[in-house]
Amino acid sequence: MPRFLRLIINIVVLGGLLLISLQVLAQDWRPVRGGIPFGISGIALIEPQSNSLDFLIVHDNKQKNQGRLAIISIKGKNQPEYFPLNWPNNIELPIDLVALTSVPEKTKFSFIALSSSGKAYYIRLNPANKTISVLKEFNLPGIIQGNNFEAFGLQNIDGKLVAIWAHRGEGKQPATIFWGVFDLAKYQITLAGSANLKAPFPSGNVRHISDIKVDPVGIVYITSASDAGDDGPFQSAVYVAGYLGLHGNKIAWQQNPQLVPFYRSNYHKIEGIELVPGAEGGVVVGTDDENLGSYVYIVGGSS
């Protein structure tokens with residue numbers, strides 16, 4: 001067989017193998033919905049089930065005819081099921097919901113959603129009939145002009161309900177992480193400190209923090225993301241950003257001086273992160289891929 005023909009055959013075979021590999025790789029990312037109105041800007045586990053993972057998600061929509069919240073259900077290796085939720089008629093529609101967290105060790109199905117302006121909504125979900133009620137609206141402390149929040153998390157650490165949130169930063173401007181103690185009875189957060197952070201990856205049109213979560217021992221996880229427009233290209237990374245803990249009676253933040261991306265994507269814009277314990281769990285991420293819609297992926301998950 002002529003050398004040139006063998007070369008062509010090898011190229012075709014190699015191309016086919018690469019295509020198959022890319023298709024298998026792409027199947028790890030599960031599409032949720034297509035189009036800008038369905039981007040995931042925050043995600044929180046509702047309740048682990050024996051055969052499924054159910055999440056509450058928020059959309060960063062601004063128009064009256066666009067959804068704000070939805071439930072997605074992941075069963076085995078199936079594509080996620082999507083169930084839109086109606087915002088209560090007696091509460092003004094929020095503008096630009098960008099983060100979502102469950103309220104730990106409280107009444108089941110309690111969550112706090114945050115808008116980019118720093119306005120928060122304490123929400124109760126009724127999963128049986130897929131309705132929500134807004135129990136309280138309140139504002140983050142210490143908001144200054146120019147803040148653009150994109151991340152919020154809650155966790156019980158050493159007997160205190162600790163809140164952590166972030167101004168996203170952009171490009172050369174670093175993100176700012178804030179933390180404090182949350183008095184849920186008064187719906188009031190006492191600001192305890194802040195620190196700046198820059199992610200090493202992505203670069204360019206980067207939001208240094210696009211979401212944040214903290215685990216029960218105080219380890220803080222963040223996502224960083226960038227995009228060049230509504231059609232991408234997109235890049236994202238997931239980091240362990242540092243540690244929150246009590247020193248005396250004060251909350252102390254110890255930042256990771258060398259951020260190492262333990263997951264990265266060159267194709268998706270991650271704007272939501274959730275920590276799911278157990279054999280079927282992992283670090284769950286959700287995307288706001290603008291015109292390309294939304295996807296979910298379980299980093300380290302069994303599927």
# chains A, B, ... in the order shown; residues from 1 in each chain; ligands from 1

call {"tool": "select_by_dssp", "arguments": {"residues": "range 87-254 of chain A", "states": "strand (DSSP E or B)", "output": "PyMOL selection string"}}
result
chain A and resi 97-102+110-115+119-126+131-139+149-157+160-167+170+173+175-183+188-197+206-214+219-227+234-247+250-254

call {"tool": "residues_around", "arguments": {"residues": "range 131-145 of chain A", "least_positions_apart": "3", "cutoff": "9 Å", "atoms": "only C-alpha atoms", "output": "MDAnalysis selection string"}}
result
chainID A and resid 85:88 91 117:128 148 187:191

call {"tool": "closest_residue", "arguments": {"among": "A:Tyr82, A:Gly286, A:Gly278, A:Leu93", "to": "Gln49 in chain A", "atoms": "only C-alpha atoms"}}
result
A:Gly278

call {"tool": "closest_residue", "arguments": {"among": "A:Val181, A:Leu154, A:Val98, A:Val162", "to": "Lys62 in chain A", "atoms": "only C-alpha atoms"}}
result
A:Val98

call {"tool": "residues_around", "arguments": {"residues": "Tyr221 in chain A", "least_positions_apart": "2", "cutoff": "8 Å", "atoms": "only C-alpha atoms", "output": "PyMOL selection string"}}
result
chain A and resi 212-214+219+223+238-242

call {"tool": "write_last_selection", "arguments": {"atoms": "all heavy atoms", "output": "PDB file, in the first residue's frame"}}
result
ATOM      1  N   ILE A 212     -19.599  29.984  45.395  1.00  0.00           N
ATOM      2  CA  ILE A 212     -18.830  29.606  46.585  1.00  0.00           C
ATOM      3  C   ILE A 212     -19.664  28.671  47.454  1.00  0.00           C
ATOM      4  O   ILE A 212     -20.890  28.809  47.531  1.00  0.00           O
ATOM      5  CB  ILE A 212     -18.433  30.873  47.388  1.00  0.00           C
ATOM      6  CG1 ILE A 212     -17.290  30.611  48.339  1.00  0.00           C
ATOM      7  CG2 ILE A 212     -19.633  31.479  48.114  1.00  0.00           C
ATOM      8  CD1 ILE A 212     -16.635  31.882  48.867  1.00  0.00           C
ATOM      9  N   LYS A 213     -19.017  27.684  48.062  1.00  0.00           N
ATOM     10  CA  LYS A 213     -19.651  26.823  49.050  1.00  0.00           C
ATOM     11  C   LYS A 213     -18.618  26.471  50.111  1.00  0.00           C
ATOM     12  O   LYS A 213     -17.405  26.458  49.851  1.00  0.00           O
ATOM     13  CB  LYS A 213     -20.200  25.539  48.416  1.00  0.00           C
ATOM     14  CG  LYS A 213     -21.477  25.711  47.581  1.00  0.00           C
ATOM     15  CD  LYS A 213     -22.664  26.101  48.418  1.00  0.00           C
ATOM     16  CE  LYS A 213     -24.003  25.982  47.671  1.00  0.00           C
ATOM     17  NZ  LYS A 213     -24.093  26.828  46.491  1.00  0.00           N
ATOM     18  N   VAL A 214     -19.085  26.140  51.318  1.00  0.00           N
ATOM     19  CA  VAL A 214     -18.197  25.774  52.422  1.00  0.00           C
ATOM     20  C   VAL A 214     -18.710  24.479  53.035  1.00  0.00           C
ATOM     21  O   VAL A 214     -19.921  24.295  53.213  1.00  0.00           O
ATOM     22  CB  VAL A 214     -18.106  26.916  53.466  1.00  0.00           C
ATOM     23  CG1 VAL A 214     -19.476  27.301  53.983  1.00  0.00           C
ATOM     24  CG2 VAL A 214     -17.190  26.532  54.622  1.00  0.00           C
ATOM     25  N   ILE A 219     -13.830  24.060  54.951  1.00  0.00           N
ATOM     26  CA  ILE A 219     -13.105  24.159  53.686  1.00  0.00           C
ATOM     27  C   ILE A 219     -13.989  24.879  52.666  1.00  0.00           C
ATOM     28  O   ILE A 219     -15.155  24.519  52.467  1.00  0.00           O
ATOM     29  CB  ILE A 219     -12.715  22.773  53.147  1.00  0.00           C
ATOM     30  CG1 ILE A 219     -11.903  22.009  54.196  1.00  0.00           C
ATOM     31  CG2 ILE A 219     -11.928  22.906  51.843  1.00  0.00           C
ATOM     32  CD1 ILE A 219     -10.624  22.686  54.607  1.00  0.00           C
ATOM     33  N   THR A 223     -15.720  28.602  42.365  1.00  0.00           N
ATOM     34  CA  THR A 223     -15.587  28.439  40.925  1.00  0.00           C
ATOM     35  C   THR A 223     -15.199  29.785  40.325  1.00  0.00           C
ATOM     36  O   THR A 223     -15.553  30.845  40.847  1.00  0.00           O
ATOM     37  CB  THR A 223     -16.884  27.942  40.274  1.00  0.00           C
ATOM     38  OG1 THR A 223     -17.955  28.851  40.586  1.00  0.00           O
ATOM     39  CG2 THR A 223     -17.249  26.560  40.786  1.00  0.00           C
ATOM     40  N   VAL A 238     -12.452  25.008  39.189  1.00  0.00           N
ATOM     41  CA  VAL A 238     -12.917  24.822  40.563  1.00  0.00           C
ATOM     42  C   VAL A 238     -11.684  24.748  41.463  1.00  0.00           C
ATOM     43  O   VAL A 238     -10.711  24.051  41.143  1.00  0.00           O
ATOM     44  CB  VAL A 238     -13.753  23.539  40.710  1.00  0.00           C
ATOM     45  CG1 VAL A 238     -14.309  23.428  42.131  1.00  0.00           C
ATOM     46  CG2 VAL A 238     -14.891  23.504  39.688  1.00  0.00           C
ATOM     47  N   TYR A 239     -11.733  25.479  42.583  1.00  0.00           N
ATOM     48  CA  TYR A 239     -10.599  25.567  43.502  1.00  0.00           C
ATOM     49  C   TYR A 239     -11.033  25.327  44.942  1.00  0.00           C
ATOM     50  O   TYR A 239     -12.189  25.584  45.302  1.00  0.00           O
ATOM     51  CB  TYR A 239      -9.983  26.973  43.475  1.00  0.00           C
ATOM     52  CG  TYR A 239      -9.398  27.417  42.171  1.00  0.00           C
ATOM     53  CD1 TYR A 239     -10.175  28.139  41.252  1.00  0.00           C
ATOM     54  CD2 TYR A 239      -8.062  27.163  41.858  1.00  0.00           C
ATOM     55  CE1 TYR A 239      -9.632  28.575  40.051  1.00  0.00           C
ATOM     56  CE2 TYR A 239      -7.516  27.599  40.663  1.00  0.00           C
ATOM     57  CZ  TYR A 239      -8.299  28.307  39.769  1.00  0.00           C
ATOM     58  OH  TYR A 239      -7.763  28.733  38.580  1.00  0.00           O
ATOM     59  N   VAL A 240     -10.100  24.880  45.779  1.00  0.00           N
ATOM     60  CA  VAL A 240     -10.212  25.022  47.228  1.00  0.00           C
ATOM     61  C   VAL A 240      -9.553  26.352  47.567  1.00  0.00           C
ATOM     62  O   VAL A 240      -8.338  26.518  47.419  1.00  0.00           O
ATOM     63  CB  VAL A 240      -9.529  23.867  47.980  1.00  0.00           C
ATOM     64  CG1 VAL A 240      -9.472  24.164  49.473  1.00  0.00           C
ATOM     65  CG2 VAL A 240     -10.262  22.558  47.728  1.00  0.00           C
ATOM     66  N   ALA A 241     -10.362  27.327  47.991  1.00  0.00           N
ATOM     67  CA  ALA A 241      -9.875  28.701  48.159  1.00  0.00           C
ATOM     68  C   ALA A 241      -9.265  28.955  49.517  1.00  0.00           C
ATOM     69  O   ALA A 241      -8.449  29.871  49.668  1.00  0.00           O
ATOM     70  CB  ALA A 241     -11.004  29.693  47.918  1.00  0.00           C
ATOM     71  N   GLY A 242      -9.670  28.170  50.529  1.00  0.00           N
ATOM     72  CA  GLY A 242      -9.143  28.427  51.861  1.00  0.00           C
ATOM     73  C   GLY A 242      -9.986  27.754  52.931  1.00  0.00           C
ATOM     74  O   GLY A 242     -10.705  26.784  52.657  1.00  0.00           O
TER      75      GLY A 242
END

call {"tool": "residues_around", "arguments": {"residues": "Val299 in chain A", "least_positions_apart": "6", "cutoff": "7 Å", "atoms": "only C-alpha atoms", "output": "ChimeraX atom specification"}}
result
/A:282-284

call {"tool": "write_last_selection", "arguments": {"atoms": "N, CA, C and O atoms", "output": "compact mmCIF listing (two decimals), in the first residue's frame"}}
result
# COMPACT_ATOMS: atom_id res chain seq x y z
N GLY A 282 -20.36 14.09 44.97
CA GLY A 282 -19.20 14.73 44.38
C GLY A 282 -19.40 16.22 44.41
O GLY A 282 -20.32 16.73 45.06
N VAL A 283 -18.55 16.93 43.73
CA VAL A 283 -18.73 18.37 43.55
C VAL A 283 -19.56 18.58 42.30
O VAL A 283 -19.12 18.28 41.19
N VAL A 284 -20.80 19.05 42.50
CA VAL A 284 -21.72 19.23 41.38
C VAL A 284 -21.63 20.67 40.89
O VAL A 284 -21.71 21.60 41.69

call {"tool": "closest_atom_pairs", "arguments": {"of": "range 151-192 of chain A", "to": "range 42-48 of chain A", "cutoff": "12 Å", "atoms": "only C-alpha atoms", "output": "Markdown table"}}
result
| residue | atom | partner | partner_atom | distance |
| --- | --- | --- | --- | --- |
| A:Ala151 | CA | A:Gly42 | CA | 8.0 |
| A:Phe152 | CA | A:Gly42 | CA | 8.9 |
| A:Gly153 | CA | A:Ala44 | CA | 9.8 |
| A:Leu154 | CA | A:Ala44 | CA | 11.0 |

call {"tool": "write_last_selection", "arguments": {"atoms": "N, CA, C and O atoms", "output": "CSV table (one decimal), in the first residue's frame"}}
result
chain,number,residue,atom,x,y,z
A,151,ALA,N,-22.0,35.0,44.6
A,151,ALA,CA,-21.7,33.8,45.3
A,151,ALA,C,-22.2,34.0,46.8
A,151,ALA,O,-22.0,35.0,47.4
A,152,PHE,N,-22.8,32.9,47.3
A,152,PHE,CA,-23.3,32.9,48.7
A,152,PHE,C,-23.3,31.5,49.3
A,152,PHE,O,-23.8,30.6,48.6
A,153,GLY,N,-22.8,31.3,50.5
A,153,GLY,CA,-22.9,30.0,51.1
A,153,GLY,C,-23.1,30.1,52.6
A,153,GLY,O,-22.8,31.1,53.2
A,154,LEU,N,-23.7,29.0,53.2
A,154,LEU,CA,-24.0,28.9,54.6
A,154,LEU,C,-23.5,27.6,55.1
A,154,LEU,O,-23.6,26.6,54.4

call {"tool": "residues_around", "arguments": {"residues": "Ile177 in chain A", "least_positions_apart": "4", "cutoff": "12 Å", "atoms": "only C-alpha atoms", "output": "PyMOL selection string"}}
result
chain A and resi 147-153+163-169+191-198+208-213+220-222+241-244+253-255

call {"tool": "atom_distance", "arguments": {"atom1": "CA of Ile298 in chain A", "atom2": "CA of Asp230 in chain A"}}
result
24.1 Å

call {"tool": "closest_residue", "arguments": {"among": "A:Ile74, A:Leu275, A:Ile40, A:Val103", "to": "Leu53 in chain A", "atoms": "only C-alpha atoms"}}
result
A:Ile74

call {"tool": "select_by_dssp", "arguments": {"residues": "range 13-93 of chain A", "states": "helix (DSSP H, G or I)", "output": "PyMOL selection string"}}
result
chain A and resi 13-27+36-38

call {"tool": "atom_distance", "arguments": {"atom1": "CA of Trp29 in chain A", "atom2": "CA of Thr176 in chain A"}}
result
29.6 Å

call {"tool": "closest_residue", "arguments": {"among": "A:Gly35, A:Pro104, A:Gly293, A:Pro202", "to": "Asp215 in chain A", "atoms": "only C-alpha atoms"}}
result
A:Pro104

call {"tool": "closest_residue", "arguments": {"among": "A:Gly171, A:Gly39, A:Pro84, A:Pro261", "to": "Gly204 in chain A", "atoms": "only C-alpha atoms"}}
result
A:Gly171

call {"tool": "closest_residue", "arguments": {"among": "A:Ala199, A:Ile95, A:Pro31, A:Leu100", "to": "Phe55 in chain A", "atoms": "only C-alpha atoms"}}
result
A:Leu100

call {"tool": "residues_around", "arguments": {"residues": "Gly159 in chain A", "least_positions_apart": "2", "cutoff": "12 Å", "atoms": "only C-alpha atoms", "output": "list in words"}}
result
Pro104, Glu105, Gln155, Asn156, Ile157, Leu161, Val162, Val181, Phe182, Pro216, Val217, Gly218, Gly245, Leu246, Asn249 and Ile251 of chain A
